[in-house]
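Okay, so here's the structure we're looking at.
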There are 2 protein chains.
Amino acid sequence: MLPTVEWTDEGVKLLDQLQLPATVTYRLCRNYQEVAEGIREMVVRGAPAIGVTAAMGAALGVVQSPARDMAALRQEFAGIRATLAATRPTAVNLFWALERMNQTFEAAAASGDLGEVRRRMREEALAVCAEDIAINRAIGRYGAALLPAAGEVLTHCNAGALATAGYGTALGVIRAAVEDGKALRVLADETRPYLQGARLTAWELQQDGIPTTVITDNMAGHFLHSGRVGAVVVGADRIAANGDVANKIGTYSVAVLAHENGVPFYVAAPLSTLDLSLASGEQIPIEQRAAAEVTHLRGVPITPEGVAVANPAFDVTPNRYVTAIITEAGVARAPYQASLAALAGGARGQSA
Amino acid sequence: MLPTVEWTDEGVKLLDQLQLPATVTYRLCRNYQEVAEGIREMVVRGAPAIGVTAAMGAALGVVQSPARDMAALRQEFAGIRATLAATRPTAVNLFWALERMNQTFEAAAASGDLGEVRRRMREEALAVCAEDIAINRAIGRYGAALLPAAGEVLTHCNAGALATAGYGTALGVIRAAVEDGKALRVLADETRPYLQGARLTAWELQQDGIPTTVITDNMAGHFLHSGRVGAVVVGADRIAANGDVANKIGTYSVAVLAHENGVPFYVAAPLSTLDLSLASGEQIPIEQRAAAEVTHLRGVPITPEGVAVANPAFDVTPNRYVTAIITEAGVARAPYQASLAALAGGARGQSA
């Protein structure tokens, strides 16, 4: 797979997901403002990839800053973080990455050496990127065991290599299961309005040779009811302390339909997607995106002029529909309040 | 509203629903083969409209036939019926209309007068069309009482004037409720792949001044869960004796999500949509349509080349999710085996 996001001497390069699958091209973001724009416009998307990109944007801003003393650099960095934080509200990995970069900044700033701060920021961003791939491999290993030995697995949106630094979360689980010899076929919801499933998941899995069938979102229930789907696996944009999951709009529907038909529903996400500060998913802010994403498709109008549309980008799946949450530290099951806290605490213990 | 289907001296005129809402244009079908083509290509769609169109196609074929004796005309008419019957498999109104036209043919053929047969066929087709509007008005009256006095009603696909000879079934219920003074707003699922909701329902309701918000199909669950939707009302393509409902793909999902969230789920359909010969919905044939409807949108490709897709045009909603079935003879509730049989028997009694 091609890298989703890459640090280069000229700036941060983003694989342009607005153009896929028709065209494979990179957009070069020459400064942190262009990185923020890339996140806002969804040139890059997917909670872990947004986190990695934000980390790189933060580093780029500090590296390029003309500040000549630490106080000025710190002040400028606050503005850089604010700009990057204002891009998209739902994926918590964005805020997690900015907080991590802030901690790196302060630790390095203690040296009093501006060059050292810039070097450490760049290193940290590269570390966030490399760790993300390792985390996804770990998620894949834990999740692969949960999937059936053969048959169909349904996924929604794109929680793949393109949604991360590489390998993917939900698709990482499927990839790991296939690497283990499981004979899986994938049903990919097209995922309106942005078509992450039809455009991105189908493209990724096609490149890997994993048999994939694209369906419209409203077919998912029909196939879940048919008995041919062995499991659902999706990613997440933010997971509350009680295990409620914010993810791409439509995830809630798939979860209810899986539950109704006795199909296990798995969420695959790094611990950086947990937001234990929120008691439940009701507190997760849901991004409302532009009407044009619904009224137009690849530039072509599909609704009568002047019609009202709604465009919430995410929904929240209550924990009762979630069979398990697969993280790099292990698999959490209900009651999630306890199991997620234990996984998060253990991981903090390991890294401490 | 413009007529969906119209008998003219030159042939059967179909409002071209492939072009809506961008262009309002009619396609003239000069012979029964072109009528069949219009049904197959979905220039006209919606179970009741397909029935009316098939009746007109059958009449047109008989009127235009060069047959010079009754045996030859009868033989040709068998071919006309077979051609029209082979267009689309799921909507039972198609077969109902052809059977009704066959009975008209045989009744008129007893006269031995070819001219009389042709005249009666044309009259019967016009009667089927006129009755359809009257039936929808009756459905509207029965259904309006079931809707809330104010708030949002969700619908899927287009069961409106465009799916019938006029007024609509599901949208007829909404229209009648609004005529009764209810302050309703409509949430219209866009209904991939053919976009009947985004293109047709939004257009119809916009013309009537009924406030409508278009959502992607995968948002329906989110809004049903939000508590803002007071009822769901949809049409049907075929209803089995036990109340299982075949309707546009995605209806099953909406029904399950409504049920899960305590929102009443109503089906509005004429008695000609009942197929009491089928014990359950499992026996209803589901049309599989071309992959291009999923892979392309208004001619623009949205999936990587060569990817597999599925495209079932309908699904079956088990009767346990259906709050009530609204017909022109009254409202049926569970157990449907008894209530539907009673409505159908009563209607037969009335017309006998």
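Labels used: A, B, ... for chains in the order of the structure tokens, numbers from 1 for residues in each chain, and numbers from 1 for ligands as shown.
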Shell of 8 Å around Thr87 of chain A, only C-alpha atoms, local chain residues under 2 positions omitted, as a list in words: Ala36, Glu37, Ile39, Arg40, Thr83, Leu84, Ala85 and Pro89 of chain A
Could you take the residues named above and write them with N, CA, C and O atoms, as a PDB file, in the first residue's frame?
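Final file, result-v8.pdb:
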ATOM      1  N   ALA A  36      -3.826  21.669   7.840  1.00  0.00           N
ATOM      2  CA  ALA A  36      -5.164  21.826   8.428  1.00  0.00           C
ATOM      3  C   ALA A  36      -6.234  21.780   7.333  1.00  0.00           C
ATOM      4  O   ALA A  36      -7.281  21.131   7.482  1.00  0.00           O
ATOM      5  N   GLU A  37      -5.956  22.448   6.229  1.00  0.00           N
ATOM      6  CA  GLU A  37      -6.888  22.461   5.107  1.00  0.00           C
ATOM      7  C   GLU A  37      -7.104  21.051   4.560  1.00  0.00           C
ATOM      8  O   GLU A  37      -8.226  20.655   4.222  1.00  0.00           O
ATOM      9  N   ILE A  39      -6.915  18.268   6.187  1.00  0.00           N
ATOM     10  CA  ILE A  39      -7.769  17.511   7.118  1.00  0.00           C
ATOM     11  C   ILE A  39      -9.222  17.964   6.965  1.00  0.00           C
ATOM     12  O   ILE A  39     -10.135  17.142   6.865  1.00  0.00           O
ATOM     13  N   ARG A  40      -9.421  19.289   6.898  1.00  0.00           N
ATOM     14  CA  ARG A  40     -10.786  19.816   6.831  1.00  0.00           C
ATOM     15  C   ARG A  40     -11.496  19.358   5.564  1.00  0.00           C
ATOM     16  O   ARG A  40     -12.656  18.962   5.586  1.00  0.00           O
ATOM     17  N   THR A  83      -5.327  25.965  15.300  1.00  0.00           N
ATOM     18  CA  THR A  83      -5.707  25.843  13.884  1.00  0.00           C
ATOM     19  C   THR A  83      -5.986  24.388  13.518  1.00  0.00           C
ATOM     20  O   THR A  83      -6.993  24.068  12.879  1.00  0.00           O
ATOM     21  N   LEU A  84      -5.098  23.517  13.941  1.00  0.00           N
ATOM     22  CA  LEU A  84      -5.268  22.096  13.613  1.00  0.00           C
ATOM     23  C   LEU A  84      -6.462  21.503  14.361  1.00  0.00           C
ATOM     24  O   LEU A  84      -7.204  20.684  13.808  1.00  0.00           O
ATOM     25  N   ALA A  85      -6.686  21.931  15.590  1.00  0.00           N
ATOM     26  CA  ALA A  85      -7.783  21.386  16.399  1.00  0.00           C
ATOM     27  C   ALA A  85      -9.148  21.784  15.846  1.00  0.00           C
ATOM     28  O   ALA A  85     -10.145  21.092  16.067  1.00  0.00           O
ATOM     29  N   PRO A  89     -14.300  18.013  14.467  1.00  0.00           N
ATOM     30  CA  PRO A  89     -14.578  17.924  15.907  1.00  0.00           C
ATOM     31  C   PRO A  89     -14.728  16.527  16.488  1.00  0.00           C
ATOM     32  O   PRO A  89     -14.625  16.355  17.701  1.00  0.00           O
TER      33      PRO A  89
END
Taking only C-alpha atoms into account, produce a table as JSON lines in which each residue of chain B with an atom at most 6 Å from an atom of chain A appears once, together with its shortest atom pair and the distance in Å to one decimal, ordered by chain and rising number.
{"residue": "B:Pro21", "atom": "CA", "partner": "A:Pro304", "partner_atom": "CA", "distance": 5.5}
{"residue": "B:Ala198", "atom": "CA", "partner": "A:Thr303", "partner_atom": "CA", "distance": 5.0}
{"residue": "B:Arg199", "atom": "CA", "partner": "A:Thr303", "partner_atom": "CA", "distance": 5.0}
{"residue": "B:Trp203", "atom": "CA", "partner": "A:Pro304", "partner_atom": "CA", "distance": 5.8}
{"residue": "B:Thr213", "atom": "CA", "partner": "A:Ala308", "partner_atom": "CA", "distance": 4.7}
{"residue": "B:Val214", "atom": "CA", "partner": "A:Val309", "partner_atom": "CA", "distance": 4.6}
{"residue": "B:Ile215", "atom": "CA", "partner": "A:Ala310", "partner_atom": "CA", "distance": 5.7}
{"residue": "B:Asp217", "atom": "CA", "partner": "A:Asn218", "partner_atom": "CA", "distance": 5.9}
{"residue": "B:Asn218", "atom": "CA", "partner": "A:Gly250", "partner_atom": "CA", "distance": 4.2}
{"residue": "B:Met219", "atom": "CA", "partner": "A:Gly250", "partner_atom": "CA", "distance": 5.7}
{"residue": "B:Gly221", "atom": "CA", "partner": "A:Ser253", "partner_atom": "CA", "distance": 5.1}
{"residue": "B:Gly250", "atom": "CA", "partner": "A:Asn218", "partner_atom": "CA", "distance": 4.2}
{"residue": "B:Ser253", "atom": "CA", "partner": "A:Gly221", "partner_atom": "CA", "distance": 5.0}
{"residue": "B:Thr303", "atom": "CA", "partner": "A:Arg199", "partner_atom": "CA", "distance": 5.0}
{"residue": "B:Pro304", "atom": "CA", "partner": "A:Pro21", "partner_atom": "CA", "distance": 5.5}
{"residue": "B:Ala308", "atom": "CA", "partner": "A:Thr213", "partner_atom": "CA", "distance": 4.7}
{"residue": "B:Val309", "atom": "CA", "partner": "A:Val214", "partner_atom": "CA", "distance": 4.6}
{"residue": "B:Ala310", "atom": "CA", "partner": "A:Ile215", "partner_atom": "CA", "distance": 5.7}
Distance of atom CA of Glu116 of chain A from atom CA of Glu76 of chain A, expressed in Å to one decimal place: 16.6 Å
Residues flagged strand (DSSP E) by DSSP in segment 176-352 of chain A, as JSON, numbers by chain: {"A": [183, 184, 185, 186, 187, 188, 189, 212, 213, 214, 215, 229, 230, 231, 232, 233, 234, 238, 239, 240, 245, 246, 247, 248, 265, 266, 267, 268, 274, 275, 296, 297, 300, 301, 308, 309, 314, 315, 316, 317, 324, 325, 326, 327, 330, 331, 332]}
DSSP-assigned helix (DSSP H, G or I) among segment 210-304 of chain B, expressed as a PyMOL selection string: chain B and resi 217-226+251-260+271-273+281-283+292-295
Using only N, CA and C atoms, please write the residues we just selected to a file, as a JSON list (two decimals), in the first residue's frame.
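Contents of result.json, as written:
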[["chain", "number", "residue", "atom", "x", "y", "z"],
["B", 217, "ASP", "N", -29.31, 7.20, 2.95],
["B", 217, "ASP", "CA", -30.01, 6.06, 3.56],
["B", 217, "ASP", "C", -29.42, 5.69, 4.92],
["B", 218, "ASN", "N", -28.11, 5.84, 5.04],
["B", 218, "ASN", "CA", -27.47, 5.41, 6.29],
["B", 218, "ASN", "C", -27.68, 6.40, 7.44],
["B", 219, "MET", "N", -28.38, 7.52, 7.19],
["B", 219, "MET", "CA", -28.73, 8.45, 8.27],
["B", 219, "MET", "C", -30.07, 8.10, 8.92],
["B", 220, "ALA", "N", -30.87, 7.27, 8.28],
["B", 220, "ALA", "CA", -32.23, 7.00, 8.76],
["B", 220, "ALA", "C", -32.20, 6.49, 10.20],
["B", 221, "GLY", "N", -31.30, 5.56, 10.48],
["B", 221, "GLY", "CA", -31.22, 5.00, 11.83],
["B", 221, "GLY", "C", -30.89, 6.07, 12.86],
["B", 222, "HIS", "N", -29.93, 6.91, 12.53],
["B", 222, "HIS", "CA", -29.52, 8.00, 13.42],
["B", 222, "HIS", "C", -30.72, 8.89, 13.76],
["B", 223, "PHE", "N", -31.52, 9.25, 12.77],
["B", 223, "PHE", "CA", -32.66, 10.13, 13.04],
["B", 223, "PHE", "C", -33.79, 9.38, 13.74],
["B", 224, "LEU", "N", -34.00, 8.11, 13.41],
["B", 224, "LEU", "CA", -35.02, 7.33, 14.12],
["B", 224, "LEU", "C", -34.64, 7.20, 15.59],
["B", 225, "HIS", "N", -33.35, 7.12, 15.87],
["B", 225, "HIS", "CA", -32.86, 6.99, 17.25],
["B", 225, "HIS", "C", -32.95, 8.32, 17.99],
["B", 226, "SER", "N", -33.00, 9.41, 17.25],
["B", 226, "SER", "CA", -32.95, 10.75, 17.87],
["B", 226, "SER", "C", -34.25, 11.15, 18.55],
["B", 251, "THR", "N", -35.83, -0.98, 2.78],
["B", 251, "THR", "CA", -37.04, -0.88, 3.60],
["B", 251, "THR", "C", -36.93, -1.74, 4.85],
["B", 252, "TYR", "N", -36.37, -2.94, 4.69],
["B", 252, "TYR", "CA", -36.18, -3.84, 5.84],
["B", 252, "TYR", "C", -35.37, -3.15, 6.93],
["B", 253, "SER", "N", -34.27, -2.50, 6.53],
["B", 253, "SER", "CA", -33.43, -1.82, 7.51],
["B", 253, "SER", "C", -34.21, -0.73, 8.24],
["B", 254, "VAL", "N", -34.95, 0.07, 7.50],
["B", 254, "VAL", "CA", -35.73, 1.14, 8.11],
["B", 254, "VAL", "C", -36.75, 0.55, 9.09],
["B", 255, "ALA", "N", -37.38, -0.55, 8.70],
["B", 255, "ALA", "CA", -38.40, -1.17, 9.55],
["B", 255, "ALA", "C", -37.80, -1.66, 10.87],
["B", 256, "VAL", "N", -36.64, -2.32, 10.79],
["B", 256, "VAL", "CA", -35.98, -2.82, 12.00],
["B", 256, "VAL", "C", -35.59, -1.64, 12.90],
["B", 257, "LEU", "N", -35.05, -0.59, 12.28],
["B", 257, "LEU", "CA", -34.59, 0.58, 13.06],
["B", 257, "LEU", "C", -35.77, 1.33, 13.67],
["B", 258, "ALA", "N", -36.89, 1.38, 12.97],
["B", 258, "ALA", "CA", -38.10, 1.99, 13.53],
["B", 258, "ALA", "C", -38.57, 1.16, 14.72],
["B", 259, "HIS", "N", -38.65, -0.13, 14.54],
["B", 259, "HIS", "CA", -39.09, -1.04, 15.59],
["B", 259, "HIS", "C", -38.21, -0.91, 16.83],
["B", 260, "GLU", "N", -36.90, -0.89, 16.61],
["B", 260, "GLU", "CA", -35.94, -0.81, 17.72],
["B", 260, "GLU", "C", -36.13, 0.48, 18.51],
["B", 271, "LEU", "N", -54.91, -2.83, -2.64],
["B", 271, "LEU", "CA", -55.13, -4.27, -2.53],
["B", 271, "LEU", "C", -54.51, -5.03, -3.70],
["B", 272, "SER", "N", -54.31, -4.36, -4.83],
["B", 272, "SER", "CA", -53.69, -5.04, -5.98],
["B", 272, "SER", "C", -52.24, -5.40, -5.69],
["B", 273, "THR", "N", -51.67, -4.91, -4.59],
["B", 273, "THR", "CA", -50.30, -5.25, -4.20],
["B", 273, "THR", "C", -50.27, -6.53, -3.36],
["B", 281, "GLY", "N", -43.26, -13.89, 2.75],
["B", 281, "GLY", "CA", -42.41, -13.07, 1.89],
["B", 281, "GLY", "C", -41.21, -13.80, 1.33],
["B", 282, "GLU", "N", -40.84, -14.92, 1.96],
["B", 282, "GLU", "CA", -39.68, -15.67, 1.45],
["B", 282, "GLU", "C", -39.91, -16.16, 0.03],
["B", 283, "GLN", "N", -41.16, -16.26, -0.37],
["B", 283, "GLN", "CA", -41.46, -16.77, -1.72],
["B", 283, "GLN", "C", -41.50, -15.65, -2.77],
["B", 292, "ALA", "N", -24.05, -1.63, -12.96],
["B", 292, "ALA", "CA", -23.74, -0.23, -13.28],
["B", 292, "ALA", "C", -24.55, 0.75, -12.44],
["B", 293, "GLU", "N", -25.73, 0.33, -11.98],
["B", 293, "GLU", "CA", -26.53, 1.24, -11.14],
["B", 293, "GLU", "C", -25.81, 1.56, -9.83],
["B", 294, "VAL", "N", -24.96, 0.60, -9.37],
["B", 294, "VAL", "CA", -24.21, 0.81, -8.13],
["B", 294, "VAL", "C", -22.84, 1.44, -8.42],
["B", 295, "THR", "N", -22.19, 0.97, -9.47],
["B", 295, "THR", "CA", -20.81, 1.42, -9.72],
["B", 295, "THR", "C", -20.74, 2.81, -10.34]]
Residue among A:Tyr336, A:Ala145, A:Ala109, A:Cys29 lying closest to Ala72 of chain A, counting only C-alpha atoms: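 Counting only C-alpha atoms, the residue closest to Ala72 of chain A is A:Ala109.
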Who sits within 7 Å of Gly168 of chain A, only C-alpha atoms, same chain under 5 positions skipped, as a PyMOL selection string: chain A and resi 136+159-161+163
Selection: 7 Å around Ala59 of chain A, only C-alpha atoms, excl. self and same-chain fewer than 2 positions, as a count of residues only: 9
Contact residues around Ala329 of chain A with only C-alpha atoms at 8 Å, ignoring same-chain residues under 4 positions, as a list in words: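 My list of contacting residues is Ala138, Ile139, Leu271, Leu343, Ala344, Gly346 and Ala347 of chain A.
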Surrounding residues of segment 8-18 of chain B excluding itself and chain neighbours under 3 positions, 9 Å, only C-alpha atoms, as a PyMOL selection string: chain B and resi 2-5+21+23-32+34-35+38+41-45+53+56-57+60+162+194+196+199-200
